[in-house]
>>> print(open('structure26.txt').read())   # compact mmCIF, C-alpha atoms and all ligand atoms
# COMPACT_ATOMS: atom_id res chain seq x y z
CA MET Y 27 -23.50 50.86 9.57
CA LYS Y 28 -20.71 48.60 10.77
CA TYR Y 29 -17.98 49.62 13.22
CA PRO Y 30 -14.43 48.29 13.60
CA LEU Y 31 -13.81 45.82 16.40
CA SER Y 32 -10.26 44.87 17.41
CA LEU Y 33 -9.88 42.04 19.85
CA THR Y 34 -7.75 39.06 20.70
CA VAL Y 35 -9.34 35.64 20.56
CA ASN Y 36 -7.31 32.65 21.73
CA ASP Y 37 -4.12 34.73 21.44
CA GLU Y 38 -4.83 35.72 17.82
CA ASN Y 39 -5.56 39.34 16.90
CA TYR Y 40 -8.67 40.05 14.88
CA ASP Y 41 -9.90 43.25 13.24
CA ILE Y 42 -13.44 42.86 12.03
CA LEU Y 43 -16.50 44.98 11.33
CA VAL Y 44 -19.66 44.50 13.37
CA GLU Y 45 -23.05 46.11 13.56
CA PRO Y 46 -23.49 48.05 16.81
CA TYR Y 47 -26.25 45.65 17.86
CA HIS Y 48 -24.23 42.48 17.25
CA THR Y 49 -23.47 40.49 20.36
CA LEU Y 50 -20.04 39.16 21.20
CA MET Y 51 -21.44 35.71 20.41
CA GLU Y 52 -22.30 36.86 16.88
CA ALA Y 53 -18.91 38.53 16.48
CA ILE Y 54 -17.13 35.31 17.49
CA ARG Y 55 -19.30 32.93 15.47
CA ASP Y 56 -20.16 34.98 12.38
CA GLY Y 57 -17.42 37.61 12.30
CA ILE Y 58 -14.48 35.38 13.19
CA GLY Y 59 -15.90 31.98 12.29
CA LEU Y 60 -15.28 30.21 15.58
CA THR Y 61 -18.44 28.17 16.04
CA GLY Y 62 -17.42 26.24 19.14
CA THR Y 63 -19.23 28.93 21.13
CA LYS Y 64 -22.80 27.71 20.96
CA CYS Y 65 -26.00 29.67 20.59
CA ALA Y 66 -29.26 28.62 22.23
CA CYS Y 67 -31.46 30.88 24.33
CA GLU Y 68 -29.81 34.20 23.40
CA ASP Y 69 -31.08 35.76 26.61
CA GLY Y 70 -28.62 34.67 29.26
CA ARG Y 71 -30.39 31.60 30.64
CA CYS Y 72 -28.55 28.59 29.19
CA GLY Y 73 -24.81 29.29 29.33
CA THR Y 74 -24.01 27.57 26.02
CA CYS Y 75 -22.42 30.79 24.75
CA THR Y 76 -20.06 31.15 27.73
CA VAL Y 77 -16.57 32.49 26.98
CA MET Y 78 -13.90 34.20 29.06
CA VAL Y 79 -13.20 37.89 28.55
CA ASP Y 80 -10.06 39.16 30.23
CA GLY Y 81 -10.17 36.10 32.48
CA GLN Y 82 -13.79 36.43 33.55
CA LEU Y 83 -16.74 34.30 32.49
CA VAL Y 84 -19.16 36.08 30.18
CA LYS Y 85 -22.35 34.92 28.54
CA SER Y 86 -21.46 36.22 25.11
CA CYS Y 87 -25.09 36.64 24.06
CA LEU Y 88 -25.42 39.32 26.75
CA MET Y 89 -22.40 41.39 25.74
CA LEU Y 90 -22.19 43.57 22.66
CA GLY Y 91 -19.31 42.80 20.38
CA LEU Y 92 -18.10 46.39 20.55
CA GLN Y 93 -17.84 46.10 24.34
CA ALA Y 94 -15.06 43.56 23.76
CA ASN Y 95 -12.95 46.05 21.83
CA LYS Y 96 -9.26 45.71 22.85
CA LYS Y 97 -10.11 42.79 25.14
CA SER Y 98 -8.80 39.25 25.24
CA VAL Y 99 -11.31 36.45 24.70
CA LEU Y 100 -10.87 32.75 25.34
CA THR Y 101 -13.25 30.41 23.54
CA ILE Y 102 -13.41 26.64 23.63
CA GLU Y 103 -11.12 26.51 20.58
CA GLY Y 104 -8.40 28.08 22.71
CA LEU Y 105 -8.72 25.71 25.66
CA GLY Y 106 -7.13 22.71 24.01
CA ALA Y 107 -6.70 20.97 20.70
CA PRO Y 108 -7.74 17.47 19.55
CA ASP Y 109 -4.14 16.27 19.91
CA ASP Y 110 -3.47 18.33 23.03
CA LEU Y 111 -6.58 18.24 25.22
CA HIS Y 112 -6.83 20.43 28.29
CA PRO Y 113 -6.99 18.22 31.40
CA LEU Y 114 -10.63 19.21 31.87
CA GLN Y 115 -11.48 18.12 28.33
CA ALA Y 116 -9.77 14.77 28.88
CA ALA Y 117 -11.57 14.35 32.20
CA PHE Y 118 -14.98 15.16 30.67
CA LEU Y 119 -14.40 12.44 28.08
CA GLU Y 120 -13.11 9.97 30.63
CA HIS Y 121 -16.08 10.53 32.97
CA GLY Y 122 -18.76 10.46 30.28
CA ALA Y 123 -19.64 14.12 30.79
CA VAL Y 124 -20.24 14.69 27.08
CA GLN Y 125 -23.45 13.43 25.51
CA CYS Y 126 -24.86 15.63 22.72
CA GLY Y 127 -22.08 18.08 23.56
CA TYR Y 128 -24.05 21.26 23.02
CA CYS Y 129 -23.50 22.55 26.55
CA THR Y 130 -19.94 21.22 26.76
CA PRO Y 131 -17.97 24.32 25.62
CA GLY Y 132 -19.73 26.48 28.18
CA MET Y 133 -19.39 23.91 30.95
CA LEU Y 134 -15.68 23.45 30.28
CA LEU Y 135 -14.97 27.18 30.40
CA THR Y 136 -17.05 27.46 33.57
CA ALA Y 137 -15.00 24.65 35.08
CA LYS Y 138 -11.77 26.33 34.02
CA GLN Y 139 -12.79 29.59 35.66
CA LEU Y 140 -13.71 27.73 38.84
CA LEU Y 141 -10.35 25.96 39.02
CA ASP Y 142 -8.49 29.19 38.18
CA GLU Y 143 -10.10 30.80 41.23
CA ASN Y 144 -10.31 27.74 43.46
CA PRO Y 145 -7.95 24.87 42.60
CA ASN Y 146 -9.53 22.62 45.22
CA PRO Y 147 -13.30 23.04 44.97
CA THR Y 148 -15.73 20.84 46.82
CA GLU Y 149 -18.47 18.94 45.05
CA GLU Y 150 -20.88 21.63 46.22
CA ASP Y 151 -18.61 24.38 44.80
CA ILE Y 152 -18.62 22.63 41.43
CA ARG Y 153 -22.37 22.13 41.39
CA SER Y 154 -22.83 25.82 42.30
CA ALA Y 155 -20.48 26.85 39.48
CA PHE Y 156 -22.58 24.91 36.97
CA VAL Y 157 -25.82 26.58 38.01
CA GLY Y 158 -25.69 28.88 34.97
CA ASN Y 159 -25.05 26.07 32.49
CA LEU Y 160 -28.14 24.19 31.38
CA CYS Y 161 -27.58 20.63 30.20
CA ARG Y 162 -30.63 18.94 28.73
CA CYS Y 163 -28.77 15.62 28.67
CA GLY Y 164 -28.21 15.86 32.43
CA VAL Y 165 -24.47 15.30 32.63
CA TYR Y 166 -24.08 17.26 35.86
CA THR Y 167 -22.99 14.34 38.03
CA HIS Y 168 -20.44 13.15 35.46
CA ALA Y 169 -19.17 16.71 34.87
CA THR Y 170 -18.82 17.25 38.61
CA GLU Y 171 -16.83 14.02 38.94
CA ALA Y 172 -14.66 15.12 36.02
CA VAL Y 173 -13.84 18.47 37.62
CA LEU Y 174 -13.15 16.78 40.97
CA SER Y 175 -10.69 14.44 39.23
CA VAL Y 176 -8.74 17.42 37.89
CA ALA Y 177 -8.98 19.54 41.03
CA GLY Y 178 -5.68 19.90 42.82
CA GLU Y 179 -3.71 18.37 39.90
CA GLU Y 180 -1.51 21.48 39.69
CA GLU Y 181 -0.31 20.84 43.22
CA LYS Y 182 0.33 17.10 42.84
S1 LIG M 201 -27.17 31.61 24.35
FE1 LIG M 201 -26.22 32.89 25.83
S2 LIG M 201 -26.95 32.22 27.76
FE2 LIG M 201 -28.07 31.03 26.26
S1 LIG M 202 -24.44 17.09 26.92
FE1 LIG M 202 -26.27 17.53 25.80
S2 LIG M 202 -26.95 19.46 26.58
FE2 LIG M 202 -25.30 18.87 27.86
>>> encode(input="structure26.txt", output="structure tokens")
Amino acid sequence: MKYPLSLTVNDENYDILVEPYHTLMEAIRDGIGLTGTKCACEDGRCGTCTVMVDGQLVKSCLMLGLQANKKSVLTIEGLGAPDDLHPLQAAFLEHGAVQCGYCTPGMLLTAKQLLDENPNPTEEDIRSAFVGNLCRCGVYTHATEAVLSVAGEEEK
């Protein structure tokens, strides 16, 4: 039996029906149709499904959809648009931090959360922030350089 789920995703309101065992990742991808949130391990190890819920990073495969009722979710689709990239997206491209791109949505949202909390992170802070985001293409050095290039921009 499905239950109603009301939530805001990228500033749009959605009212959908979900099974009680559906994860937030399934609600976003299958219920709402936003497939930028990627699915890989489904047990919290890879970080490809990372989104922000009420401003906090969440691995959406570890949260039930119904737990997001009345909450505000940010997915990669809400970070920027092709003609209006977020500075982090532009920096990832500029620094070659995107290869296959499967980990990229999760890494970008992780980087956003880091800069929201700490606008001037050190290289070590950035590498620590990425510890929950597995990248099989190994873009960590490029992604770290990208975040460093954006760090402190707000204050410049
Ligand atoms: S799919 Fe959620 S952490 Fe891997
Ligand atoms: S760019 Fe391919 S998994 Fe990270």
>>> residues_near_ligand(input="structure26.txt", ligand="ligand LIG 201 (chain M)", cutoff="9 Å", atoms="only C-alpha atoms and all ligand atoms", output="list in words")
Met51, Thr63, Lys64, Cys65, Ala66, Cys67, Glu68, Asp69, Gly70, Arg71, Cys72, Gly73, Thr74, Cys75, Thr76, Val84, Lys85, Ser86, Cys87, Leu88, Gly158, Asn159 and Leu160 of chain Y
>>> residues_around(input="structure26.txt", residues="His121 (chain Y)", least_positions_apart="4", cutoff="9 Å", atoms="all atoms listed in the file", output="list in words")
Ala116, Ala117, His168, Ala169, Glu171 and Ala172 of chain Y
>>> closest_residue(input="structure26.txt", among="Y:Ser175, Y:Asn95, Y:Thr49, Y:Thr167", to="ligand LIG 202 (chain M)", atoms="all atoms listed in the file")
Y:Thr167
>>> atom_distance(input="structure26.txt", atom1="CA of Asp142 (chain Y)", atom2="CA of Thr101 (chain Y)")
15.4 Å
>>> residues_around(input="structure26.txt", residues="Gly57 (chain Y)", least_positions_apart="2", cutoff="8 Å", atoms="all atoms listed in the file", output="PyMOL selection string")
chain Y and resi 42-44+52-55+59
>>> residues_near_ligand(input="structure26.txt", ligand="ligand LIG 202 (chain M)", cutoff="10 Å", atoms="all atoms listed in the file", output="list of chain:residue names")
Y:Cys72, Y:Thr74, Y:Gly122, Y:Ala123, Y:Val124, Y:Gln125, Y:Cys126, Y:Gly127, Y:Tyr128, Y:Cys129, Y:Thr130, Y:Pro131, Y:Gly132, Y:Met133, Y:Asn159, Y:Leu160, Y:Cys161, Y:Arg162, Y:Cys163, Y:Gly164, Y:Val165, Y:Tyr166, Y:Ala169
>>> axis_aligned_box(input="structure26.txt", around="region 37-47 of chain Y", padding_each_side="6 Å", output="lines of an AutoDock Vina configuration file")
center_x = -15.2
center_y = 41.4
center_z = 16.4
size_x = 34.1
size_y = 25.3
size_z = 22.1
>>> closest_residue(input="structure26.txt", among="Y:Val79, Y:Val157, Y:Leu174, Y:Asn36", to="Glu103 (chain Y)", atoms="all atoms listed in the file")
Y:Asn36
>>> residues_around(input="structure26.txt", residues="Thr148 (chain Y)", least_positions_apart="3", cutoff="10 Å", atoms="all atoms listed in the file", output="number ranges by chain")
Y: 144-145, 151-154, 170, 173-174, 177
>>> residues_near_point(input="structure26.txt", point="(-9.5, 25.2, 38.4)", cutoff="9 Å", atoms="all atoms listed in the file", output="PDB file with C-alpha atoms, in the coordinates of the input")
ATOM      1  CA  LEU Y 114     -10.630  19.210  31.870  1.00  0.00           C
ATOM      2  CA  ALA Y 137     -15.000  24.650  35.080  1.00  0.00           C
ATOM      3  CA  LYS Y 138     -11.770  26.330  34.020  1.00  0.00           C
ATOM      4  CA  GLN Y 139     -12.790  29.590  35.660  1.00  0.00           C
ATOM      5  CA  LEU Y 140     -13.710  27.730  38.840  1.00  0.00           C
ATOM      6  CA  LEU Y 141     -10.350  25.960  39.020  1.00  0.00           C
ATOM      7  CA  ASP Y 142      -8.490  29.190  38.180  1.00  0.00           C
ATOM      8  CA  GLU Y 143     -10.100  30.800  41.230  1.00  0.00           C
ATOM      9  CA  ASN Y 144     -10.310  27.740  43.460  1.00  0.00           C
ATOM     10  CA  PRO Y 145      -7.950  24.870  42.600  1.00  0.00           C
ATOM     11  CA  ASN Y 146      -9.530  22.620  45.220  1.00  0.00           C
ATOM     12  CA  PRO Y 147     -13.300  23.040  44.970  1.00  0.00           C
ATOM     13  CA  VAL Y 173     -13.840  18.470  37.620  1.00  0.00           C
ATOM     14  CA  VAL Y 176      -8.740  17.420  37.890  1.00  0.00           C
ATOM     15  CA  ALA Y 177      -8.980  19.540  41.030  1.00  0.00           C
ATOM     16  CA  GLY Y 178      -5.680  19.900  42.820  1.00  0.00           C
ATOM     17  CA  GLU Y 180      -1.510  21.480  39.690  1.00  0.00           C
TER      18      GLU Y 180
END
>>> atom_distance(input="structure26.txt", atom1="CA of Pro30 (chain Y)", atom2="CA of Gly106 (chain Y)")
28.6 Å
>>> atom_distance(input="structure26.txt", atom1="CA of Val35 (chain Y)", atom2="CA of Thr136 (chain Y)")
17.2 Å
>>> residues_around(input="structure26.txt", residues="Leu100 (chain Y)", least_positions_apart="6", cutoff="9 Å", atoms="only C-alpha atoms", output="PyMOL selection string")
chain Y and resi 34-37+77-81+135
>>> closest_residue(input="structure26.txt", among="Y:Leu31, Y:Leu134, Y:Asp56, Y:Glu45", to="Gly104 (chain Y)", atoms="all atoms listed in the file")
Y:Leu134
>>> closest_residue(input="structure26.txt", among="Y:Tyr40, Y:Ile102, Y:Ala107, Y:Leu92", to="Ile58 (chain Y)", atoms="all atoms listed in the file")
Y:Tyr40
>>> build_atoms(input="structure26.txt", residues="region 104-135 of chain Y", atoms="N, CA and C atoms", output="compact mmCIF listing (two decimals), in the frame of the given file")
# COMPACT_ATOMS: atom_id res chain seq x y z
N GLY Y 104 -9.68 27.72 22.13
CA GLY Y 104 -8.40 28.08 22.71
C GLY Y 104 -8.05 27.29 23.96
N LEU Y 105 -8.97 26.45 24.41
CA LEU Y 105 -8.72 25.71 25.66
C LEU Y 105 -7.77 24.54 25.42
N GLY Y 106 -7.98 23.85 24.34
CA GLY Y 106 -7.13 22.71 24.01
C GLY Y 106 -7.31 22.37 22.56
N ALA Y 107 -6.59 21.39 22.10
CA ALA Y 107 -6.70 20.97 20.70
C ALA Y 107 -6.93 19.46 20.69
N PRO Y 108 -7.46 18.91 19.59
CA PRO Y 108 -7.74 17.47 19.55
C PRO Y 108 -6.53 16.61 19.94
N ASP Y 109 -5.33 17.05 19.56
CA ASP Y 109 -4.14 16.27 19.91
C ASP Y 109 -3.44 16.79 21.16
N ASP Y 110 -4.07 17.75 21.82
CA ASP Y 110 -3.47 18.33 23.03
C ASP Y 110 -4.61 18.83 23.92
N LEU Y 111 -5.40 17.87 24.43
CA LEU Y 111 -6.58 18.24 25.22
C LEU Y 111 -6.18 18.90 26.53
N HIS Y 112 -6.96 19.89 26.93
CA HIS Y 112 -6.83 20.43 28.29
C HIS Y 112 -7.23 19.31 29.26
N PRO Y 113 -6.63 19.27 30.44
CA PRO Y 113 -6.99 18.22 31.40
C PRO Y 113 -8.49 18.13 31.67
N LEU Y 114 -9.18 19.26 31.65
CA LEU Y 114 -10.63 19.21 31.87
C LEU Y 114 -11.33 18.52 30.70
N GLN Y 115 -10.87 18.78 29.48
CA GLN Y 115 -11.48 18.12 28.33
C GLN Y 115 -11.27 16.61 28.42
N ALA Y 116 -10.06 16.21 28.75
CA ALA Y 116 -9.77 14.77 28.88
C ALA Y 116 -10.63 14.16 29.98
N ALA Y 117 -10.79 14.88 31.08
CA ALA Y 117 -11.57 14.35 32.20
C ALA Y 117 -13.05 14.26 31.84
N PHE Y 118 -13.57 15.23 31.10
CA PHE Y 118 -14.98 15.16 30.67
C PHE Y 118 -15.19 13.91 29.82
N LEU Y 119 -14.26 13.63 28.92
CA LEU Y 119 -14.40 12.44 28.08
C LEU Y 119 -14.32 11.17 28.93
N GLU Y 120 -13.34 11.16 29.81
CA GLU Y 120 -13.11 9.97 30.63
C GLU Y 120 -14.30 9.66 31.53
N HIS Y 121 -14.98 10.72 32.02
CA HIS Y 121 -16.08 10.53 32.97
C HIS Y 121 -17.44 10.54 32.29
N GLY Y 122 -17.47 10.51 30.98
CA GLY Y 122 -18.76 10.46 30.28
C GLY Y 122 -19.59 11.71 30.46
N ALA Y 123 -18.93 12.86 30.55
CA ALA Y 123 -19.64 14.12 30.79
C ALA Y 123 -20.02 14.82 29.49
N VAL Y 124 -19.85 14.12 28.38
CA VAL Y 124 -20.24 14.69 27.08
C VAL Y 124 -21.26 13.74 26.45
N GLN Y 125 -22.47 14.24 26.24
CA GLN Y 125 -23.45 13.43 25.51
C GLN Y 125 -23.70 14.09 24.16
N CYS Y 126 -24.71 14.95 24.02
CA CYS Y 126 -24.86 15.63 22.72
C CYS Y 126 -23.76 16.66 22.52
N GLY Y 127 -23.22 17.16 23.63
CA GLY Y 127 -22.08 18.08 23.56
C GLY Y 127 -22.43 19.55 23.40
N TYR Y 128 -23.72 19.85 23.30
CA TYR Y 128 -24.05 21.26 23.02
C TYR Y 128 -23.69 22.19 24.17
N CYS Y 129 -23.83 21.72 25.38
CA CYS Y 129 -23.50 22.55 26.55
C CYS Y 129 -22.02 22.49 26.90
N THR Y 130 -21.29 21.55 26.29
CA THR Y 130 -19.94 21.22 26.76
C THR Y 130 -18.96 22.40 26.70
N PRO Y 131 -18.92 23.19 25.61
CA PRO Y 131 -17.97 24.32 25.62
C PRO Y 131 -18.20 25.25 26.81
N GLY Y 132 -19.43 25.58 27.07
CA GLY Y 132 -19.73 26.48 28.18
C GLY Y 132 -19.39 25.86 29.53
N MET Y 133 -19.69 24.56 29.67
CA MET Y 133 -19.39 23.91 30.95
C MET Y 133 -17.88 23.83 31.17
N LEU Y 134 -17.14 23.55 30.12
CA LEU Y 134 -15.68 23.45 30.28
C LEU Y 134 -15.07 24.80 30.67
N LEU Y 135 -15.54 25.88 30.05
CA LEU Y 135 -14.97 27.18 30.40
C LEU Y 135 -15.41 27.59 31.81
